[in-house]
Every structure is written in structure tokens, then in C-alpha cells.
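One file, model.pdb, carrying PDB, C-alpha atoms:
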ATOM      1  CA  GLY A  24      74.318-133.354-170.685
ATOM      2  CA  ARG A  25      72.151-130.448-169.613
ATOM      3  CA  PHE A  26      73.838-127.177-168.719
ATOM      4  CA  ALA A  27      72.163-124.103-167.266
ATOM      5  CA  ARG A  28      73.437-120.616-166.597
ATOM      6  CA  GLY A  29      71.682-119.219-163.559
ATOM      7  CA  VAL A  30      71.237-115.811-162.004
ATOM      8  CA  GLY A  31      74.386-113.841-161.279
ATOM      9  CA  GLY A  32      76.561-116.057-163.460
ATOM     10  CA  ALA A  33      75.987-119.139-161.315
ATOM     11  CA  LEU A  34      76.742-122.414-163.058
ATOM     12  CA  GLY A  35      74.247-125.245-162.623
ATOM     13  CA  VAL A  36      74.154-128.878-163.737
ATOM     14  CA  GLY A  37      70.803-130.656-164.027
ATOM     15  CA  ALA A  38      70.012-134.208-162.925
ATOM     16  CA  LEU A  39      72.597-136.540-164.433
ATOM     17  CA  GLY A  40      73.926-133.592-166.408
ATOM     18  CA  MET A  41      77.546-133.002-167.322
ATOM     19  CA  THR A  42      79.447-130.008-168.558
ATOM     20  CA  ILE A  43      82.797-128.324-168.741
ATOM     21  CA  ALA A  44      82.454-124.825-167.329
ATOM     22  CA  THR A  45      84.835-122.034-168.242
ATOM     23  CA  SER A  46      84.737-118.629-166.617
ATOM     24  CA  ARG A  47      87.188-115.778-167.085
ATOM     25  CA  ALA A  48      88.209-113.401-164.317
ATOM     26  CA  ARG A  49      87.506-109.735-164.915
ATOM     27  CA  SER A  50      90.863-108.587-163.603
ATOM     28  CA  SER A  51      93.243-110.991-161.906
ATOM     29  CA  GLY A  52      94.064-114.076-163.966
ATOM     30  CA  CYS A  53      94.056-117.718-163.037
ATOM     31  CA  ASP A  54      97.703-118.557-163.599
ATOM     32  CA  GLU A  55     100.140-116.356-161.690
ATOM     33  CA  GLY A  56      98.499-113.182-162.937
ATOM     34  CA  LYS A  57      97.967-114.367-166.518
ATOM     35  CA  SER A  58      94.502-114.139-168.048
ATOM     36  CA  LYS A  59      93.781-117.862-167.958
ATOM     37  CA  PRO A  60      90.143-118.836-167.340
ATOM     38  CA  LEU A  61      89.037-121.137-164.550
ATOM     39  CA  ARG A  62      88.042-124.442-166.135
ATOM     40  CA  PHE A  63      86.372-127.353-164.395
ATOM     41  CA  ALA A  64      84.349-130.422-165.313
ATOM     42  CA  ALA A  65      81.067-131.117-163.545
ATOM     43  CA  ILE A  66      78.559-133.924-163.349
ATOM     44  CA  ALA A  67      75.693-134.295-160.885
ATOM     45  CA  ASP A  68      73.115-136.774-159.616
ATOM     46  CA  ILE A  69      74.494-139.983-161.087
ATOM     47  CA  GLN A  70      72.356-141.825-158.504
ATOM     48  CA  PHE A  71      73.578-145.222-159.661
ATOM     49  CA  ALA A  72      71.880-148.396-158.483
ATOM     50  CA  ASP A  73      72.087-151.796-160.119
ATOM     51  CA  ILE A  74      68.326-152.061-160.574
ATOM     52  CA  GLU A  75      65.806-151.845-163.384
ATOM     53  CA  SER A  76      64.464-148.452-164.418
ATOM     54  CA  ARG A  77      61.579-147.082-162.391
ATOM     55  CA  ARG A  78      59.882-143.742-161.696
ATOM     56  CA  GLY A  79      61.113-142.560-165.098
ATOM     57  CA  ARG A  80      64.746-142.925-164.033
ATOM     58  CA  TYR A  81      67.353-145.161-165.607
ATOM     59  CA  TYR A  82      69.437-146.198-162.620
ATOM     60  CA  ARG A  83      71.530-148.944-164.189
ATOM     61  CA  GLU A  84      72.111-146.983-167.391
ATOM     62  CA  SER A  85      73.637-144.051-165.470
ATOM     63  CA  LEU A  86      76.879-146.028-165.206
ATOM     64  CA  GLY A  87      77.358-145.832-168.977
ATOM     65  CA  VAL A  88      76.721-142.072-168.872
ATOM     66  CA  THR A  89      79.396-141.804-166.190
ATOM     67  CA  GLN A  90      81.903-143.692-168.308
ATOM     68  CA  ARG A  91      81.194-141.512-171.346
ATOM     69  CA  SER A  92      81.427-138.374-169.224
ATOM     70  CA  ALA A  93      84.891-139.296-167.937
ATOM     71  CA  LYS A  94      86.005-139.891-171.519
ATOM     72  CA  PHE A  95      84.527-136.549-172.611
ATOM     73  CA  PHE A  96      86.275-134.645-169.814
ATOM     74  CA  ASN A  97      89.629-136.230-170.636
ATOM     75  CA  GLU A  98      89.276-135.500-174.343
ATOM     76  CA  HIS A  99      88.829-131.792-173.622
ATOM     77  CA  GLY A 100      91.383-131.580-170.803
ATOM     78  CA  GLY A 101      92.968-128.513-169.267
ATOM     79  CA  LEU A 102      90.923-128.839-166.073
ATOM     80  CA  ASP A 103      91.615-127.029-162.820
ATOM     81  CA  PHE A 104      89.372-129.446-160.943
ATOM     82  CA  PHE A 105      86.649-132.063-161.340
ATOM     83  CA  LEU A 106      83.301-131.768-159.532
ATOM     84  CA  HIS A 107      80.597-134.257-158.719
ATOM     85  CA  ALA A 108      77.771-132.156-157.311
ATOM     86  CA  GLY A 109      76.146-134.771-155.076
ATOM     87  CA  ASP A 110      73.925-137.886-155.137
ATOM     88  CA  LEU A 111      76.594-140.261-156.399
ATOM     89  CA  VAL A 112      74.539-143.401-155.672
ATOM     90  CA  ASP A 113      70.806-143.761-155.065
ATOM     91  CA  PHE A 114      68.880-144.628-151.916
ATOM     92  CA  TYR A 115      67.613-147.742-153.728
ATOM     93  CA  ASN A 116      70.938-149.288-152.696
ATOM     94  CA  THR A 117      69.541-149.317-149.148
ATOM     95  CA  VAL A 118      65.974-150.626-149.545
ATOM     96  CA  ASP A 119      64.031-153.618-150.871
ATOM     97  CA  GLU A 120      66.366-156.608-151.251
ATOM     98  CA  PHE A 121      69.287-154.507-149.961
ATOM     99  CA  ALA A 122      67.515-153.175-146.858
ATOM    100  CA  ASP A 123      69.333-155.357-144.344
ATOM    101  CA  ASP A 124      72.724-155.874-146.034
ATOM    102  CA  ARG A 125      74.641-153.423-143.789
ATOM    103  CA  GLY A 126      75.792-151.295-146.716
ATOM    104  CA  ARG A 127      77.216-153.989-149.000
ATOM    105  CA  GLN A 128      75.190-152.912-152.048
ATOM    106  CA  THR A 129      76.129-149.272-151.477
ATOM    107  CA  ALA A 130      79.803-150.269-151.395
ATOM    108  CA  SER A 131      79.439-152.221-154.636
ATOM    109  CA  SER A 132      77.681-149.336-156.417
ATOM    110  CA  VAL A 133      80.255-146.786-155.270
ATOM    111  CA  ALA A 134      83.064-148.954-156.610
ATOM    112  CA  ASP A 135      81.297-149.234-159.970
ATOM    113  CA  VAL A 136      80.958-145.447-160.267
ATOM    114  CA  MET A 137      84.348-144.469-158.860
ATOM    115  CA  THR A 138      86.157-146.844-161.205
ATOM    116  CA  HIS A 139      85.170-144.443-164.002
ATOM    117  CA  LEU A 140      85.358-141.113-162.169
ATOM    118  CA  ASP A 141      88.799-141.973-160.864
ATOM    119  CA  GLU A 142      90.004-141.881-164.472
ATOM    120  CA  VAL A 143      89.171-138.180-164.912
ATOM    121  CA  ARG A 144      92.453-136.322-165.306
ATOM    122  CA  ALA A 145      92.295-133.288-163.019
ATOM    123  CA  PRO A 146      94.641-132.040-160.272
ATOM    124  CA  HIS A 147      91.805-131.880-157.735
ATOM    125  CA  SER A 148      88.470-133.685-157.340
ATOM    126  CA  VAL A 149      85.514-132.386-155.336
ATOM    127  CA  PHE A 150      82.568-134.517-154.233
ATOM    128  CA  LEU A 151      79.595-132.708-152.711
ATOM    129  CA  VAL A 152      77.255-134.222-150.158
ATOM    130  CA  GLY A 153      73.692-134.603-151.408
ATOM    131  CA  ASN A 154      70.672-136.080-149.694
ATOM    132  CA  HIS A 155      71.405-139.502-151.191
ATOM    133  CA  GLU A 156      74.848-139.518-149.562
ATOM    134  CA  LEU A 157      73.036-139.200-146.233
ATOM    135  CA  TYR A 158      70.698-142.055-147.179
ATOM    136  CA  ASN A 159      73.693-144.320-147.823
ATOM    137  CA  TRP A 160      76.256-143.325-145.167
ATOM    138  CA  SER A 161      76.469-141.842-141.709
ATOM    139  CA  ARG A 162      77.925-138.356-141.235
ATOM    140  CA  GLU A 163      80.913-139.966-139.550
ATOM    141  CA  GLU A 164      81.594-142.088-142.626
ATOM    142  CA  LEU A 165      81.325-139.057-144.894
ATOM    143  CA  LEU A 166      83.804-137.138-142.728
ATOM    144  CA  SER A 167      86.358-139.949-142.583
ATOM    145  CA  GLY A 168      86.084-140.916-146.276
ATOM    146  CA  VAL A 169      84.545-143.951-147.955
ATOM    147  CA  PRO A 170      87.023-146.636-149.104
ATOM    148  CA  TRP A 171      86.191-148.357-152.386
ATOM    149  CA  GLN A 172      87.786-151.082-154.470
ATOM    150  CA  LYS A 173      87.183-152.887-157.721
ATOM    151  CA  PRO A 174      89.657-155.821-157.638
ATOM    152  CA  GLU A 175      88.771-157.085-161.109
ATOM    153  CA  ARG A 176      89.762-153.689-162.518
ATOM    154  CA  GLY A 177      92.749-153.273-160.231
ATOM    155  CA  SER A 178      91.373-149.968-158.968
ATOM    156  CA  SER A 179      90.739-148.668-155.475
ATOM    157  CA  GLY A 180      90.742-145.464-153.472
ATOM    158  CA  VAL A 181      88.967-143.379-150.851
ATOM    159  CA  LEU A 182      85.971-141.260-151.794
ATOM    160  CA  ARG A 183      86.423-138.006-149.864
ATOM    161  CA  PHE A 184      83.772-135.372-149.263
ATOM    162  CA  CYS A 185      86.106-133.089-147.298
ATOM    163  CA  PRO A 186      89.857-132.842-146.650
ATOM    164  CA  GLU A 187      91.317-135.739-144.686
ATOM    165  CA  GLY A 188      91.115-135.116-140.962
ATOM    166  CA  SER A 189      88.423-132.436-141.271
ATOM    167  CA  GLY A 190      85.768-132.225-138.583
ATOM    168  CA  GLU A 191      83.228-130.605-140.892
ATOM    169  CA  LEU A 192      81.981-131.224-144.423
ATOM    170  CA  TRP A 193      82.274-127.561-145.376
ATOM    171  CA  HIS A 194      85.657-126.458-146.698
ATOM    172  CA  SER A 195      87.323-124.272-149.310
ATOM    173  CA  PHE A 196      90.157-124.390-151.818
ATOM    174  CA  SER A 197      91.836-122.140-154.361
ATOM    175  CA  PRO A 198      92.188-123.984-157.678
ATOM    176  CA  CYS A 199      94.361-121.248-159.185
ATOM    177  CA  ALA A 200      95.336-117.627-158.664
ATOM    178  CA  GLY A 201      92.424-115.212-158.564
ATOM    179  CA  TRP A 202      89.787-117.852-157.753
ATOM    180  CA  HIS A 203      88.442-119.271-154.488
ATOM    181  CA  CYS A 204      85.946-122.152-154.230
ATOM    182  CA  ILE A 205      83.723-122.595-151.185
ATOM    183  CA  VAL A 206      82.086-125.981-150.566
ATOM    184  CA  LEU A 207      78.965-125.778-148.414
ATOM    185  CA  ASP A 208      77.339-128.436-146.274
ATOM    186  CA  PRO A 209      73.677-127.823-147.151
ATOM    187  CA  TYR A 210      72.597-130.501-144.659
ATOM    188  CA  ASP A 211      74.244-128.890-141.659
ATOM    189  CA  VAL A 212      70.680-128.450-140.405
ATOM    190  CA  SER A 213      68.609-131.359-141.714
ATOM    191  CA  VAL A 214      66.286-134.117-140.603
ATOM    192  CA  TYR A 215      68.883-136.461-142.161
ATOM    193  CA  ARG A 216      71.891-134.696-140.639
ATOM    194  CA  ARG A 217      73.163-137.875-138.953
ATOM    195  CA  GLY A 218      72.890-139.868-142.156
ATOM    196  CA  ARG A 219      72.295-143.593-142.314
ATOM    197  CA  GLN A 220      72.228-145.285-138.923
ATOM    198  CA  TYR A 221      71.616-148.859-137.874
ATOM    199  CA  SER A 222      69.889-148.029-134.603
ATOM    200  CA  ARG A 223      66.592-148.301-136.467
ATOM    201  CA  PRO A 224      65.298-151.323-138.376
ATOM    202  CA  PRO A 225      65.285-151.276-142.197
ATOM    203  CA  PRO A 226      64.213-150.152-144.689
ATOM    204  CA  TYR A 227      64.809-146.567-143.501
ATOM    205  CA  ASN A 228      67.874-146.553-141.257
ATOM    206  CA  TYR A 229      67.611-142.877-140.346
ATOM    207  CA  ASP A 230      67.739-141.464-136.844
ATOM    208  CA  LEU A 231      65.928-138.230-137.686
ATOM    209  CA  ASP A 232      67.167-135.013-136.093
ATOM    210  CA  ALA A 233      64.384-133.918-133.721
ATOM    211  CA  ALA A 234      65.192-130.194-133.845
ATOM    212  CA  ALA A 235      65.155-130.199-137.654
ATOM    213  CA  VAL A 236      61.868-132.135-137.733
ATOM    214  CA  SER A 237      60.340-129.567-135.394
ATOM    215  CA  LEU A 238      61.626-126.720-137.599
ATOM    216  CA  LEU A 239      60.082-128.338-140.685
ATOM    217  CA  CYS A 240      56.741-128.862-138.958
ATOM    218  CA  ARG A 241      56.580-125.185-138.010
ATOM    219  CA  ASN A 242      57.046-124.175-141.650
ATOM    220  CA  ASN A 243      55.238-126.897-143.629
ATOM    221  CA  THR A 244      51.744-128.015-142.660
ATOM    222  CA  ASN A 245      51.975-131.083-144.922
ATOM    223  CA  VAL A 246      54.992-132.316-142.974
ATOM    224  CA  ALA A 247      53.411-131.358-139.642
ATOM    225  CA  THR A 248      50.290-133.397-140.404
ATOM    226  CA  TYR A 249      52.289-136.439-141.455
ATOM    227  CA  VAL A 250      54.570-136.307-138.409
ATOM    228  CA  ALA A 251      51.586-136.005-136.076
ATOM    229  CA  GLU A 252      50.000-139.084-137.655
ATOM    230  CA  HIS A 253      53.260-141.075-137.981
ATOM    231  CA  PRO A 254      55.463-140.098-135.033
ATOM    232  CA  GLY A 255      59.040-141.323-135.274
ATOM    233  CA  GLU A 256      58.698-142.539-138.872
ATOM    234  CA  ASN A 257      60.598-141.387-141.946
ATOM    235  CA  ILE A 258      58.718-138.452-143.473
ATOM    236  CA  LEU A 259      57.123-139.722-146.698
ATOM    237  CA  CYS A 260      54.348-137.472-147.929
ATOM    238  CA  ASN A 261      53.609-134.872-150.591
ATOM    239  CA  TYR A 262      55.762-132.107-149.137
ATOM    240  CA  TRP A 263      54.591-129.543-151.712
ATOM    241  CA  LYS A 264      50.817-130.074-151.614
ATOM    242  CA  ASP A 265      49.115-126.695-152.244
ATOM    243  CA  ILE A 266      52.496-124.924-152.560
ATOM    244  CA  PRO A 267      52.790-123.351-156.040
ATOM    245  CA  ASP A 268      55.941-123.688-158.144
ATOM    246  CA  GLY A 269      58.350-120.860-157.532
ATOM    247  CA  ASP A 270      57.128-120.250-153.997
ATOM    248  CA  PRO A 271      60.232-120.202-151.758
ATOM    249  CA  THR A 272      58.257-121.808-148.917
ATOM    250  CA  GLY A 273      58.709-125.019-150.937
ATOM    251  CA  ARG A 274      62.232-125.123-149.494
ATOM    252  CA  TRP A 275      60.774-126.529-146.265
ATOM    253  CA  SER A 276      61.020-130.207-147.141
ATOM    254  CA  PRO A 277      63.146-133.110-145.853
ATOM    255  CA  ILE A 278      65.208-133.285-149.063
ATOM    256  CA  ASN A 279      66.617-129.810-148.398
ATOM    257  CA  GLY A 280      68.587-128.408-145.501
ATOM    258  CA  ALA A 281      70.039-125.252-144.037
ATOM    259  CA  ILE A 282      73.304-123.605-143.034
ATOM    260  CA  GLY A 283      73.884-123.512-139.281
ATOM    261  CA  ALA A 284      75.220-120.517-137.347
ATOM    262  CA  THR A 285      78.807-121.799-137.130
ATOM    263  CA  GLN A 286      78.998-122.564-140.840
ATOM    264  CA  MET A 287      77.419-119.203-141.675
ATOM    265  CA  ALA A 288      80.077-117.373-139.650
ATOM    266  CA  TRP A 289      82.784-119.390-141.423
ATOM    267  CA  LEU A 290      81.216-118.552-144.813
ATOM    268  CA  ARG A 291      81.216-114.831-144.017
ATOM    269  CA  GLY A 292      84.877-115.064-143.071
ATOM    270  CA  GLU A 293      85.742-116.896-146.295
ATOM    271  CA  LEU A 294      83.943-114.276-148.393
ATOM    272  CA  ASP A 295      85.599-111.399-146.546
ATOM    273  CA  GLU A 296      89.066-112.901-147.001
ATOM    274  CA  ALA A 297      88.435-113.591-150.696
ATOM    275  CA  ALA A 298      87.230-110.028-151.191
ATOM    276  CA  GLY A 299      90.352-108.750-149.478
ATOM    277  CA  ARG A 300      92.503-110.697-151.920
ATOM    278  CA  GLY A 301      90.442-109.567-154.897
ATOM    279  CA  ASP A 302      89.454-113.184-155.696
ATOM    280  CA  ARG A 303      86.338-114.254-157.533
ATOM    281  CA  VAL A 304      84.361-116.854-155.595
ATOM    282  CA  VAL A 305      82.584-120.029-156.719
ATOM    283  CA  ILE A 306      80.123-121.453-154.180
ATOM    284  CA  LEU A 307      79.451-125.169-154.521
ATOM    285  CA  SER A 308      76.362-126.769-152.980
ATOM    286  CA  HIS A 309      74.141-129.722-153.823
ATOM    287  CA  VAL A 310      71.065-127.740-152.786
ATOM    288  CA  LEU A 311      70.494-124.597-154.846
ATOM    289  CA  VAL A 312      71.414-121.341-153.176
ATOM    290  CA  HIS A 313      69.645-118.684-155.291
ATOM    291  CA  LEU A 314      65.873-118.600-155.714
ATOM    292  CA  GLY A 315      66.310-117.426-159.309
ATOM    293  CA  SER A 316      67.869-120.781-160.243
ATOM    294  CA  SER A 317      65.239-122.881-158.452
ATOM    295  CA  ASP A 318      61.583-123.804-158.737
ATOM    296  CA  GLY A 319      61.401-123.296-154.971
ATOM    297  CA  LYS A 320      61.393-127.021-154.195
ATOM    298  CA  THR A 321      65.166-127.467-154.059
ATOM    299  CA  LEU A 322      66.477-124.450-152.176
ATOM    300  CA  LEU A 323      68.541-123.791-149.079
TER     301      LEU A 323
END

Mind converting the file's structure to C-alpha cells?
Amino acid sequence: GRFARGVGGALGVGALGMTIATSRARSSGCDEGKSKPLRFAAIADIQFADIESRRGRYYRESLGVTQRSAKFFNEHGGLDFFLHAGDLVDFYNTVDEFADDRGRQTASSVADVMTHLDEVRAPHSVFLVGNHELYNWSREELLSGVPWQKPERGSSGVLRFCPEGSGELWHSFSPCAGWHCIVLDPYDVSVYRRGRQYSRPPPYNYDLDAAAVSLLCRNNTNVATYVAEHPGENILCNYWKDIPDGDPTGRWSPINGAIGATQMAWLRGELDEAAGRGDRVVILSHVLVHLGSSDGKTLL
């Protein structure tokens, strides 16, 4: 897998990358005051689809990487939690021959992936929402949890992106003493906020958020031009035309999102409370948070 250490000690996992991250608290320990490091396994952007390779991506082969990753994590053990950092299955489960199947191919692909990830031995599992989650499911489905089953393997479960009964995708947890993890919803403000809907005909079952589209158009002329010429359509253009790498204005694209006012207030409260306890904080988000860890194209 590919592992990167970003600015300020942030831990990042590249596309279909896996790692076991270990970080040691400066003062308070992770096990009732003892100096035990926080240890978690992470994999990101599996983007599985049972299709041939295309666009330089090996969609079908990612299932084997997932299986090997689960084995690797279990061999090393001692985990405080397991993380999948978003984009579990690809949008190709929703187009072409699968465009009008009402989610059956998505369900099949999720079962294939979760059969392996469910074997990771960790006391807590965290699944982040990426843009491909919103291509495959509605926000309501993500909030309620996605059931999956693989009868031939005798395995089943519910894929959860937030605690059961939660009304929001953002949440937090404390994996051990001295540490607090904050899970963001980077698509709180997004053209794809509602996720996959069936009010529109295939292949793109997205009821785009009008306010977010307007916000994008005000900040990205490429998007504004496309929307003016293709009103009501999914936004498919070169979002970054004439925007140099590293320029933070590249964040204004449909694949990214933003934190809304309510979530921002909650985040401030979480950080204040963690600071009051003397905890170290890990912020988890599918979309990169710090410009220093981004090329400007994937950035909140």
C-alpha cells in the first residue's frame, strides 16, 4: 500500500492504499494512563466493481487487494479500530448495463467487499462517506445503514457510516484514553448531498442540490459554463481547466464538498471539549482537510 505523512502529523492513505498507523501521545497514554500508542488499520478507495479494467484502474482486482489487506491487518493485530476512508464501491456499479437495476449490482459489490473487511479483527470499525457512496446510495440509506449478505459464505451484516439511529453522518468516538476521533461529513454541502435518487432516469440518478450547484458556479467558471449549456444535467466537464496544480481554487469541483454551519459549530464544540480533557484529536474525512496534503483538487 501507499502511506503518506502529511502536514502537522496528519496520516493519509492514497487511492487503494493500506497501512497500519501508530501514533504515540505526548503526555496522556492510550490505556488508562499508560503510554500505549493509538494503533489503527486503514484502507481507502477500494472502489470495487465487477468489471474489466479501464481508465488505468483495476476495478475487479481491487477485491484481491482487500482480501490481502484484511489478512495483513490481522497478522499485525493490536488495533484500536479499523478505518475505511471512503469510496468502498465504484460508480460503475450504477451505469452501463447496471444503470436501471435499482441498486442490485451495488448490493452485490458491497457484499463481495464486506465479506473480507468483516474479518478484520478490531473492536471498532469506521466507514467514511466518499463521493462514490453518494453515487451508489441515497443519504437516507447511508444514515440508516446498508444491509449486506453473502449466503454462500454464510456472512452478513449492516454497513454503517454513522452510529445507529444518528440523524447526521458526522460523529465522534474515543478509541482509548487520551485520544478522540472526529468523523466529518465532507459532503454536508455538496451537489450530490442527497445521494443516489430514482426521481431521475438513468444513468445518473442524482437530484443535484441547487444551492450547491449555484455555489460551485460562482467559484468555478468551467462548471458555470457547463451548467449554463446543460441545465439540469449531471456536471461532467474538465473542472480544473486552466487551474494550476496546488491552487486551492481547485477545491471548487463536484467531487468535493464543504462543512455546513451546523456541523462546523459541532466540530468547534468537539475540539473544545477534547482540549479541555487534554486529548489528542484525529480528524477523519474522505476529502482532504489541509492544503499541504493536497494538490488542490481534492480539498474541503

Using the chain letters and numbers from the file, which residues does the PyMOL selection byres ((chain A and resi 242) around 10) grab, as a ChimeraX atom specification? /A:237-241,243-247,272-276

Report, in Å with one decimal, the straight-line distance from CA of Glu293 in chain A to CA of Val206 in chain A.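 Answer for the CA of Glu293 in chain A to CA of Val206 in chain A separation: 10.7 Å.
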
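Comparing A:Asn228, A:Ser316, A:Ser92, A:Gln286 by their smallest distance to Ser161 in chain A, the closest is A:Asn228 (using all atoms listed in the file).
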
Around the point (86.5, -139.5, -166.8), in the coordinates given by the file, pick out the residues reaching within 10 Å, counting only C-alpha atoms, and return them as a ChimeraX atom specification. /A:64,89-98,105,137-145

As JSON, please: the centre and edge lengths in Å, to one decimal, of an axis-aligned box enclosing every listed atom of range 167-176 of chain A with 8 Å added on each side.
{"center_x": 87.2, "center_y": -148.5, "center_z": -152.6, "size_x": 21.2, "size_y": 33.1, "size_z": 35.9}

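Of the residues under consideration (A:Pro226, A:Gly301, A:Pro198, A:Gly180), A:Pro226 shows the shortest atom-to-atom contact distance to Ala122 in chain A when counting all atoms listed in the file.
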
CA of Tyr210 in chain A to CA of Asn279 in chain A, distance in Å rounded to a single decimal: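 The value is 7.1 Å.
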
If the PyMOL selection byres ((chain A and resi 285) around 12) were run on this exact file, what residues would it hold? Put them as a ChimeraX atom specification. /A:191,193,207-208,211-212,281-284,286-292

Just the number, please: distance in Å from CA of Gly177 in chain A to CA of Glu75 in chain A, one decimal. 27.2 Å

Residue neighbourhood Trp160 in chain A, 7 Å, all atoms listed in the file, exclusion window fewer than 4 positions, as a short mmCIF file (atom, residue, chain, number, x, y, z; two decimals) with C-alpha atoms, keeping the file's coordinate frame:
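Output (selection31.cif):
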data_model
loop_
_atom_site.label_atom_id
_atom_site.label_comp_id
_atom_site.auth_asym_id
_atom_site.auth_seq_id
_atom_site.Cartn_x
_atom_site.Cartn_y
_atom_site.Cartn_z
CA GLU A 156 74.85 -139.52 -149.56
CA GLU A 164 81.59 -142.09 -142.63
CA LEU A 165 81.32 -139.06 -144.89
CA GLY A 218 72.89 -139.87 -142.16
CA ARG A 219 72.30 -143.59 -142.31
#

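The nearest approach to Val152 in chain A among the residues A:Arg80, A:His194, A:Arg176, A:Arg125, with all atoms listed in the file taken into account, belongs to A:His194.
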
Got a sec: who's within 7 Å of Tyr215 in chain A, counting only C-alpha atoms, leaving out chain neighbours fewer than 3 positions off, as JSON, numbers by chain? {"A": [157, 218, 229, 231, 232]}

Quick one: everything within 10 Å of His203 in chain A, counting only C-alpha atoms, minus sequence neighbours fewer than 2 positions away in the same chain. Send it as a list in words.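 Neighbouring residues, sequence-local ones excluded: Ser195, Phe196, Ser197, Pro198, Cys199, Ala200, Gly201, Ile205, Glu293, Leu294, Glu296, Ala297, Ala298, Arg300, Gly301, Asp302, Arg303, Val304, Val305 and Ile306 of chain A.
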
Could you give me, as number ranges by chain, the residues within 7 Å of His107 in chain A, counting only C-alpha atoms and dropping anything in the same chain fewer than 2 positions from it? A: 65-67, 105, 109, 149-151

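Between Val169 in chain A and the residues A:Val214, A:Leu61, A:Val310, A:Val181, the shortest atom-to-atom distance, using only C-alpha atoms, involves A:Val181.
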
Once you count only C-alpha atoms, which residues end up no further than 6 Å from (79.3, -140.4, -160.1) in the file's frame, shown as a PyMOL selection string? chain A and resi 69+111+136

Smallest atom-to-atom distance to Arg127 in chain A: which of A:Tyr81, A:Trp171, A:Tyr262, A:Phe71, using only C-alpha atoms? A:Trp171

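Among A:Tyr115, A:Tyr158, A:Tyr249, A:Tyr227, the residue with the shortest atom-to-atom distance to Gln128 in chain A, counting all atoms listed in the file, is A:Tyr115.
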